[in-house]
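Trainee: Structure supplied as upload.txt; contents: compact mmCIF, C-alpha atoms.
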```
# COMPACT_ATOMS: atom_id res chain seq x y z
CA MET A 94 -5.62 -7.24 4.83
CA GLU A 95 -8.71 -5.77 6.50
CA ILE A 96 -8.42 -3.37 9.43
CA HIS A 97 -10.43 -4.26 12.54
CA TYR A 98 -9.56 -1.10 14.47
CA MET A 99 -6.67 1.36 14.77
CA LYS A 100 -5.44 4.51 16.47
CA TYR A 101 -2.73 6.99 15.53
CA ALA A 102 -0.90 8.99 18.26
CA ASP A 103 -2.89 7.41 21.08
CA VAL A 104 -1.87 8.93 24.44
CA ARG A 105 -2.91 7.29 27.72
CA PRO A 106 -2.51 8.62 31.29
CA VAL A 107 0.42 7.75 33.54
CA ASP A 108 -1.50 5.05 35.43
CA PHE A 109 -2.84 3.36 32.28
CA SER A 110 -2.19 -0.35 31.74
CA HIS A 111 -3.48 -2.78 29.11
CA ILE A 112 -3.90 -6.48 29.90
CA GLU A 113 -5.20 -8.84 27.21
CA THR A 114 -7.84 -11.31 28.40
CA ASP A 115 -7.40 -15.07 28.52
CA ARG A 116 -9.11 -15.30 25.14
CA GLY A 117 -6.13 -13.62 23.54
CA THR A 118 -6.26 -11.03 20.79
CA MET A 119 -9.84 -9.96 20.13
CA GLU A 120 -11.58 -11.29 17.04
CA GLY A 121 -8.54 -13.31 15.91
CA CYS A 122 -6.66 -10.27 14.60
CA TYR A 123 -2.99 -9.63 14.16
CA VAL A 124 -1.85 -6.69 16.33
CA LEU A 125 0.74 -4.13 15.17
CA LEU A 126 2.06 -1.83 17.91
CA HIS A 127 4.48 1.12 17.69
CA PHE A 128 5.41 2.51 21.11
CA ILE A 129 6.79 6.07 21.03
CA ASN A 130 8.24 6.01 24.54
CA PRO A 131 9.74 3.23 26.66
CA MET A 132 7.34 0.86 28.39
CA THR A 133 7.10 -2.60 29.95
CA PHE A 134 5.56 -5.28 27.75
CA THR A 135 4.41 -8.76 28.76
CA PHE A 136 3.23 -11.64 26.61
CA TYR A 137 2.80 -15.40 26.79
CA ASP A 138 4.58 -17.74 24.39
CA ASN A 139 3.07 -20.85 22.77
CA ILE A 140 3.57 -22.97 25.88
CA GLY A 141 2.15 -20.39 28.28
CA VAL A 142 5.41 -18.97 29.64
CA LYS A 143 5.16 -15.29 30.56
CA LYS A 144 7.86 -13.01 29.12
CA ILE A 145 8.58 -9.45 30.28
CA VAL A 146 10.40 -6.93 28.06
CA ASP A 147 11.45 -3.40 29.01
CA THR A 148 11.58 -1.64 25.67
CA GLU A 149 13.54 1.31 24.34
CA PRO A 150 11.80 4.25 22.58
CA HIS A 151 10.17 3.61 19.19
CA SER A 152 9.79 -0.13 19.51
CA VAL A 153 7.55 -1.99 17.05
CA ILE A 154 6.07 -5.46 17.43
CA LEU A 155 3.67 -7.56 15.35
CA LEU A 156 1.74 -10.07 17.48
CA GLN A 157 0.47 -13.44 16.35
CA LYS A 158 -3.28 -13.98 16.60
CA GLY A 159 -4.41 -14.99 20.08
CA VAL A 160 -1.28 -13.96 21.96
CA ARG A 161 -2.08 -12.77 25.49
CA HIS A 162 -0.20 -9.57 26.17
CA GLY A 163 -0.07 -6.45 28.28
CA TYR A 164 1.83 -3.18 28.49
CA PHE A 165 2.21 -0.13 30.70
CA GLN A 166 4.39 2.97 30.99
CA SER A 167 6.89 2.44 33.78
CA ASN A 168 8.77 5.74 34.15
CA GLY A 169 6.01 8.10 35.26
CA GLU A 170 5.11 9.49 31.82
CA PRO A 171 1.95 9.09 29.72
CA LEU A 172 1.96 6.16 27.30
CA ALA A 173 2.11 7.29 23.64
CA TYR A 174 1.75 4.81 20.81
CA ASN A 175 0.28 3.89 17.42
CA TRP A 176 -1.58 0.64 17.00
CA LEU A 177 -3.86 -1.31 14.71
CA THR A 178 -5.51 -4.71 14.55
CA PHE A 179 -6.20 -6.37 11.22
CA PHE A 180 -7.51 -9.57 9.67
CA GLU A 181 -5.43 -11.65 7.27
CA ASP A 182 -5.46 -15.26 6.15
CA ASP A 183 -2.69 -17.11 8.02
CA GLU A 184 -1.23 -18.71 4.90
CA ASN A 185 -1.05 -15.42 3.04
CA MET A 186 0.33 -13.67 6.12
CA SER A 187 3.09 -16.26 6.33
CA LYS A 188 4.07 -15.48 2.73
CA ILE A 189 4.10 -11.72 3.38
CA LEU A 190 6.26 -12.06 6.50
CA SER A 191 8.66 -14.35 4.68
CA GLU A 192 8.96 -11.85 1.81
CA TYR A 193 9.86 -8.99 4.17
CA GLY A 194 11.87 -11.05 6.65
CA ILE A 195 9.60 -10.18 9.59
CA LYS A 196 9.16 -12.34 12.70
CA LEU A 197 6.05 -12.39 14.86
CA ASN A 198 6.20 -11.52 18.58
CA THR A 199 9.60 -9.86 18.09
CA PHE A 200 10.56 -6.27 18.92
CA TYR A 201 12.13 -4.10 16.23
CA TYR A 202 13.74 -0.68 16.63
CA PRO A 203 13.48 0.85 13.15
CA SER A 204 15.84 3.66 12.17
CA GLN A 205 13.00 5.28 10.19
CA HIS A 206 10.52 5.41 13.07
CA ALA A 207 9.30 8.89 12.08
CA ARG A 208 8.24 7.54 8.70
CA ILE A 209 6.43 4.66 10.41
CA SER A 210 4.47 7.18 12.49
CA LYS A 211 3.59 9.03 9.27
CA ILE A 212 2.35 5.78 7.73
CA PHE A 213 0.08 5.22 10.76
CA ALA A 214 -1.29 8.74 10.23
CA ASP A 215 -1.96 7.93 6.56
CA ILE A 216 -3.72 4.69 7.53
CA GLU A 217 -5.91 6.54 10.05
CA GLU A 218 -6.98 9.03 7.37
CA LEU A 219 -7.84 6.19 5.01
CA TYR A 220 -9.63 4.35 7.81
CA ILE A 221 -11.76 7.36 8.77
CA HIS A 222 -12.82 8.33 5.25
CA LYS A 223 -12.96 4.84 3.72
CA GLY A 224 -12.87 6.10 0.14
CA SER A 225 -12.67 4.00 -3.00
CA SER A 226 -8.93 3.45 -2.56
CA PHE A 227 -9.21 2.20 1.05
CA ARG A 228 -8.90 -1.53 0.35
CA ILE A 229 -6.04 -0.97 -2.09
CA MET A 230 -3.97 1.50 -0.10
CA VAL A 231 -4.20 0.14 3.47
CA PRO A 232 -2.42 -3.19 2.73
CA ARG A 233 0.29 -1.25 0.88
CA CYS A 234 0.75 1.02 3.89
CA ILE A 235 1.01 -1.92 6.29
CA GLU A 236 3.47 -3.67 4.02
CA GLU A 237 5.55 -0.47 3.83
CA ILE A 238 5.92 -0.70 7.62
CA PHE A 239 7.06 -4.31 7.24
CA LEU A 240 9.51 -3.15 4.57
CA LEU A 241 11.02 -0.56 6.91
CA LEU A 242 11.33 -3.12 9.71
CA GLY A 243 12.89 -5.71 7.43
CA ALA A 244 15.28 -3.21 5.85
CA ASP A 245 17.07 -2.66 9.16
CA ASP A 246 17.09 -6.39 9.93
CA ASP A 247 18.51 -7.69 6.64
CA GLU A 248 22.28 -8.17 7.08
CA ARG A 249 22.71 -10.93 4.55
CA TYR A 250 23.44 -9.08 1.33
CA ILE A 251 23.90 -5.35 1.92
CA SER A 252 26.76 -3.65 3.73
CA ASN A 253 26.11 -0.95 6.32
CA LYS A 254 27.73 1.62 4.02
CA THR A 255 25.48 0.71 1.08
CA ARG A 256 22.42 0.63 3.33
CA LYS A 257 23.19 4.11 4.66
CA ILE A 258 23.65 5.53 1.14
CA LEU A 259 20.40 3.97 -0.12
CA LEU A 260 18.41 5.12 2.93
CA GLU A 261 19.65 8.68 2.39
CA LEU A 262 18.64 8.51 -1.27
CA ARG A 263 15.23 7.12 -0.40
CA ASN A 264 14.65 9.89 2.13
CA GLU A 265 15.56 12.46 -0.53
CA ILE A 266 13.14 10.85 -3.01
CA HIS A 267 10.36 11.10 -0.42
CA ASP A 268 11.22 14.73 0.35
CA ARG A 269 11.56 15.77 -3.32
CA ILE A 270 8.89 13.71 -5.03
CA ASP A 271 8.20 16.62 -7.40
CA ALA A 272 11.64 16.14 -9.03
CA LYS A 273 11.98 14.42 -12.40
CA TRP A 274 13.68 11.34 -10.98
CA THR A 275 15.48 8.98 -13.36
CA ILE A 276 17.84 6.08 -12.75
CA ASP A 277 20.73 8.14 -14.14
CA MET A 278 19.93 10.95 -11.70
CA MET A 279 19.97 8.47 -8.80
CA LEU A 280 23.23 6.89 -9.95
CA LYS A 281 24.98 10.27 -9.82
CA LYS A 282 23.97 10.60 -6.18
CA VAL A 283 24.99 7.11 -5.00
CA CYS A 284 28.02 6.51 -7.27
CA PHE A 285 27.15 2.83 -7.84
CA ASN A 286 27.00 0.98 -11.12
CA ARG A 287 23.46 0.48 -12.38
CA SER A 288 23.20 -3.27 -11.80
CA TYR A 289 24.47 -3.10 -8.22
CA PHE A 290 22.27 -0.09 -7.45
CA GLU A 291 19.01 -1.56 -8.74
CA THR A 292 19.66 -4.98 -7.19
CA SER A 293 20.62 -3.54 -3.78
CA TYR A 294 17.71 -1.09 -3.74
CA LYS A 295 15.16 -3.80 -4.43
CA ARG A 296 16.72 -6.19 -1.88
CA LEU A 297 16.60 -3.49 0.78
CA PHE A 298 13.18 -1.97 0.06
CA ARG A 299 11.39 -4.82 -1.82
CA ILE A 300 10.57 -2.40 -4.64
CA SER A 301 12.55 -1.08 -7.60
CA PRO A 302 13.72 2.57 -7.52
CA MET A 303 11.37 3.73 -10.29
CA GLU A 304 8.42 1.76 -8.90
CA GLU A 305 9.03 3.63 -5.64
CA VAL A 306 9.04 6.98 -7.43
CA ILE A 307 5.83 6.24 -9.34
CA SER A 308 4.06 4.99 -6.22
CA LEU A 309 4.95 8.13 -4.25
CA LYS A 310 3.95 10.45 -7.10
CA ILE A 311 0.56 8.77 -7.47
CA LYS A 312 -0.09 8.89 -3.70
CA LYS A 313 0.73 12.60 -3.71
CA ALA A 314 -1.49 13.15 -6.75
CA MET A 315 -4.39 11.37 -5.03
CA GLN A 316 -4.10 13.68 -2.04
CA ARG A 317 -4.05 16.83 -4.16
CA ILE A 318 -6.88 15.69 -6.42
CA LYS A 319 -9.07 15.17 -3.33
CA GLU A 320 -8.01 18.25 -1.36
CA SER A 321 -7.54 20.95 -4.01
CA ASP A 322 -9.17 22.42 -7.09
CA GLU A 323 -5.93 22.43 -9.11
CA SER A 324 -6.27 21.27 -12.67
CA LEU A 325 -5.11 17.73 -13.35
CA CYS A 326 -2.56 19.04 -15.83
CA ASP A 327 -1.09 21.38 -13.21
CA ILE A 328 -0.87 18.55 -10.68
CA ALA A 329 0.89 16.33 -13.22
CA GLU A 330 3.37 19.07 -14.14
CA SER A 331 4.13 19.91 -10.50
CA LEU A 332 4.93 16.24 -9.82
CA GLY A 333 7.56 16.18 -12.56
CA TYR A 334 5.55 14.69 -15.44
CA SER A 335 6.45 16.09 -18.84
CA ASN A 336 2.92 15.56 -20.17
CA TYR A 337 -0.54 14.76 -18.82
CA THR A 338 -0.96 11.61 -20.92
CA HIS A 339 1.99 9.93 -19.23
CA PHE A 340 0.65 10.90 -15.79
CA SER A 341 -2.86 9.68 -16.59
CA ARG A 342 -1.55 6.35 -17.88
CA GLN A 343 0.50 5.71 -14.73
CA PHE A 344 -2.31 6.84 -12.40
CA THR A 345 -4.83 4.56 -14.12
CA LYS A 346 -2.45 1.59 -14.00
CA PHE A 347 -1.74 2.14 -10.31
CA MET A 348 -5.30 2.91 -9.14
CA GLY A 349 -7.46 1.13 -11.71
CA ILE A 350 -9.27 4.42 -12.38
CA SER A 351 -8.36 7.57 -14.33
CA PRO A 352 -7.44 10.83 -12.54
CA SER A 353 -10.60 12.54 -13.79
CA ALA A 354 -12.81 9.67 -12.63
CA TYR A 355 -11.01 9.66 -9.26
CA ARG A 356 -11.74 13.40 -8.86
CA ARG A 357 -15.43 12.89 -9.67
CA LYS A 358 -15.65 10.24 -6.94
CA HIS A 359 -14.15 12.56 -4.35
CA LYS A 360 -15.92 15.82 -5.17
```
In structure tokens, what does this structure look like?

Mentor:
Amino acid sequence: MEIHYMKYADVRPVDFSHIETDRGTMEGCYVLLHFINPMTFTFYDNIGVKKIVDTEPHSVILLQKGVRHGYFQSNGEPLAYNWLTFFEDDENMSKILSEYGIKLNTFYYPSQHARISKIFADIEELYIHKGSSFRIMVPRCIEEIFLLLGADDDERYISNKTRKILLELRNEIHDRIDAKWTIDMMLKKVCFNRSYFETSYKRLFRISPMEEVISLKIKKAMQRIKESDESLCDIAESLGYSNYTHFSRQFTKFMGISPSAYRRKHK
């Protein structure tokens, strides 16, 4: 995926309206929109029929390339939203959407909308600075949004009770990424057997529990390596690693570059 343009926390005046031209989405991009407040959305289907949708707060939609569309705030308040346009090969995009169970031109109302806003903020920071990790991290961020959309929409295998328990655990992992997370530690919190837990977690989030933990720890480490002068050993210890060698090995595997080399690039 390659970003064409994006904006986090974009706020437009009360009388603002957006109408896509007859040419459809500019430059043949996919369009991902996250509306913070309610608004009226219009788009044209494949046979040219105009559809009008009055959305609820925190709606998210991914538009197919070339779809004519428009939107405006209809209740006298400014329009607040996050949005991005990106390039992707259609065949590969089809595979990604199938993996996450996402449909184009369809509104979603994700339960974790605050996390989606945070992901848009992370993408904007990556987009502005365009560091060495830009091309690696942006697709992962976009796919995390798809994961959150698909998690709410997947009713086939996971009960509402199990989904609620796993979402609470995942939120705790995100909030306490410095903890020394293990599968046994997670099992004590959810009271599932190991097989059911790992299978359900991966079905819901498209990533294993420990892969999730490692990914979050490395992302946090990247931020602190760039923004602080802490020693790499101190960063590793504060993120729950028992030794620097283990941290360095995981960081290098995830990023394709060692922590020390990553710091040199960003200092």

Trainee: So what do you get for atom CA of A:His222 versus atom CA of A:Lys313, distance-wise?

Mentor: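 These two atoms are separated by 16.8 Å.
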
Trainee: Find the residue from A:Phe340, A:Phe109, A:Tyr201, A:Tyr355 that sits nearest to A:Met315; use only C-alpha atoms when measuring.

Mentor: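 Using only C-alpha atoms, A:Met315 sits closest to A:Tyr355.
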
Trainee: In Å to one decimal, how far is atom CA of A:Phe200 from atom CA of A:His151?

Mentor: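 Taking atom CA of A:His151 and atom CA of A:Phe200, their separation equals 9.9 Å.
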
Trainee: Considering all atoms listed in the file, return as a ChimeraX atom specification whatever protein or nucleic-acid residues lie within 10 Å of A:Phe136, sequence-local ones (same chain, fewer than 5 positions apart) excluded.

Mentor: /A:112-113,141-146,156,160-164,198

Trainee: If I take atom CA of A:Lys281 and atom CA of A:Leu259, how far is one from the other in Å, to one decimal?

Mentor: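 About the pair atom CA of A:Lys281 and atom CA of A:Leu259: they are 12.4 Å apart.
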
Trainee: Which is closer to A:Thr199 than all the others in A:Ser187, A:Gln166, A:Thr148, A:Asn336, using only C-alpha atoms?

Mentor: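 When distances to A:Thr199 are compared using only C-alpha atoms, the smallest one comes from A:Thr148.
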
Trainee: Compare A:Ile311, A:Leu240, A:Val153, A:Leu332 by their minimum atom-to-atom distance to A:Arg269, counting only C-alpha atoms, and give me the closest one.

Mentor: A:Leu332

Trainee: Using all atoms listed in the file, which of A:Phe285, A:Tyr137, A:Phe179, A:Phe128 sits nearest A:Ala207?

Mentor: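 Closest residue, counting all atoms listed in the file: A:Phe128.
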
Trainee: For A:Ile195, which residue among A:Leu260, A:Leu309, A:Leu242, A:Ile129 is the nearest when counting all atoms listed in the file?

Mentor: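 For A:Ile195, the nearest of the candidates is A:Leu242.
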
Trainee: Taking all atoms listed in the file into account, which of A:Met303, A:Cys234, A:Leu155, A:Ile350 comes nearest A:Ser210?

Mentor: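 Answer, going by the shortest atom-to-atom distance: A:Cys234.
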
Trainee: Quick one: residues within 9 Å of A:Ile212, only C-alpha atoms, excluding same-chain residues fewer than 4 positions away - as a list in words?

Mentor: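 My reading of the contact set: Ala207, Arg208, Ile216, Glu217, Cys234, Ile235, Glu237 and Ile238 of chain A.
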
Trainee: List the neighbours of A:Lys295 out to 10 Å using all atoms listed in the file; skip same-chain residues closer than 5 positions along the sequence, and give me the result as number ranges by chain.

Mentor: A: 290, 300-302, 304-305

Trainee: Would you save the residues of that selection, restricted to C-alpha atoms, as a PDB file, in the frame of the given file?

Mentor:
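Output contents, as saved in again-v3.pdb:
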```pdb
ATOM      1  CA  PHE A 290      22.270  -0.090  -7.450  1.00  0.00           C
ATOM      2  CA  ILE A 300      10.570  -2.400  -4.640  1.00  0.00           C
ATOM      3  CA  SER A 301      12.550  -1.080  -7.600  1.00  0.00           C
ATOM      4  CA  PRO A 302      13.720   2.570  -7.520  1.00  0.00           C
ATOM      5  CA  GLU A 304       8.420   1.760  -8.900  1.00  0.00           C
ATOM      6  CA  GLU A 305       9.030   3.630  -5.640  1.00  0.00           C
TER       7      GLU A 305
END
```

Trainee: First collect every listed atom of stretch 191-204 of chain A; then fit an axis-aligned box around them, widen it by 6 Å on each side, and give centre and edge lengths in Å to one decimal, as lines of an AutoDock Vina configuration file.

Mentor:
```
center_x = 10.9
center_y = -5.3
center_z = 10.4
size_x = 21.8
size_y = 30.0
size_z = 29.1
```

Trainee: Give me the residues within 12 Å of A:Tyr337 as number ranges by chain, counting all atoms listed in the file and dropping any in the same chain fewer than 5 places off.

Mentor: A: 324-332, 342-344, 351-353
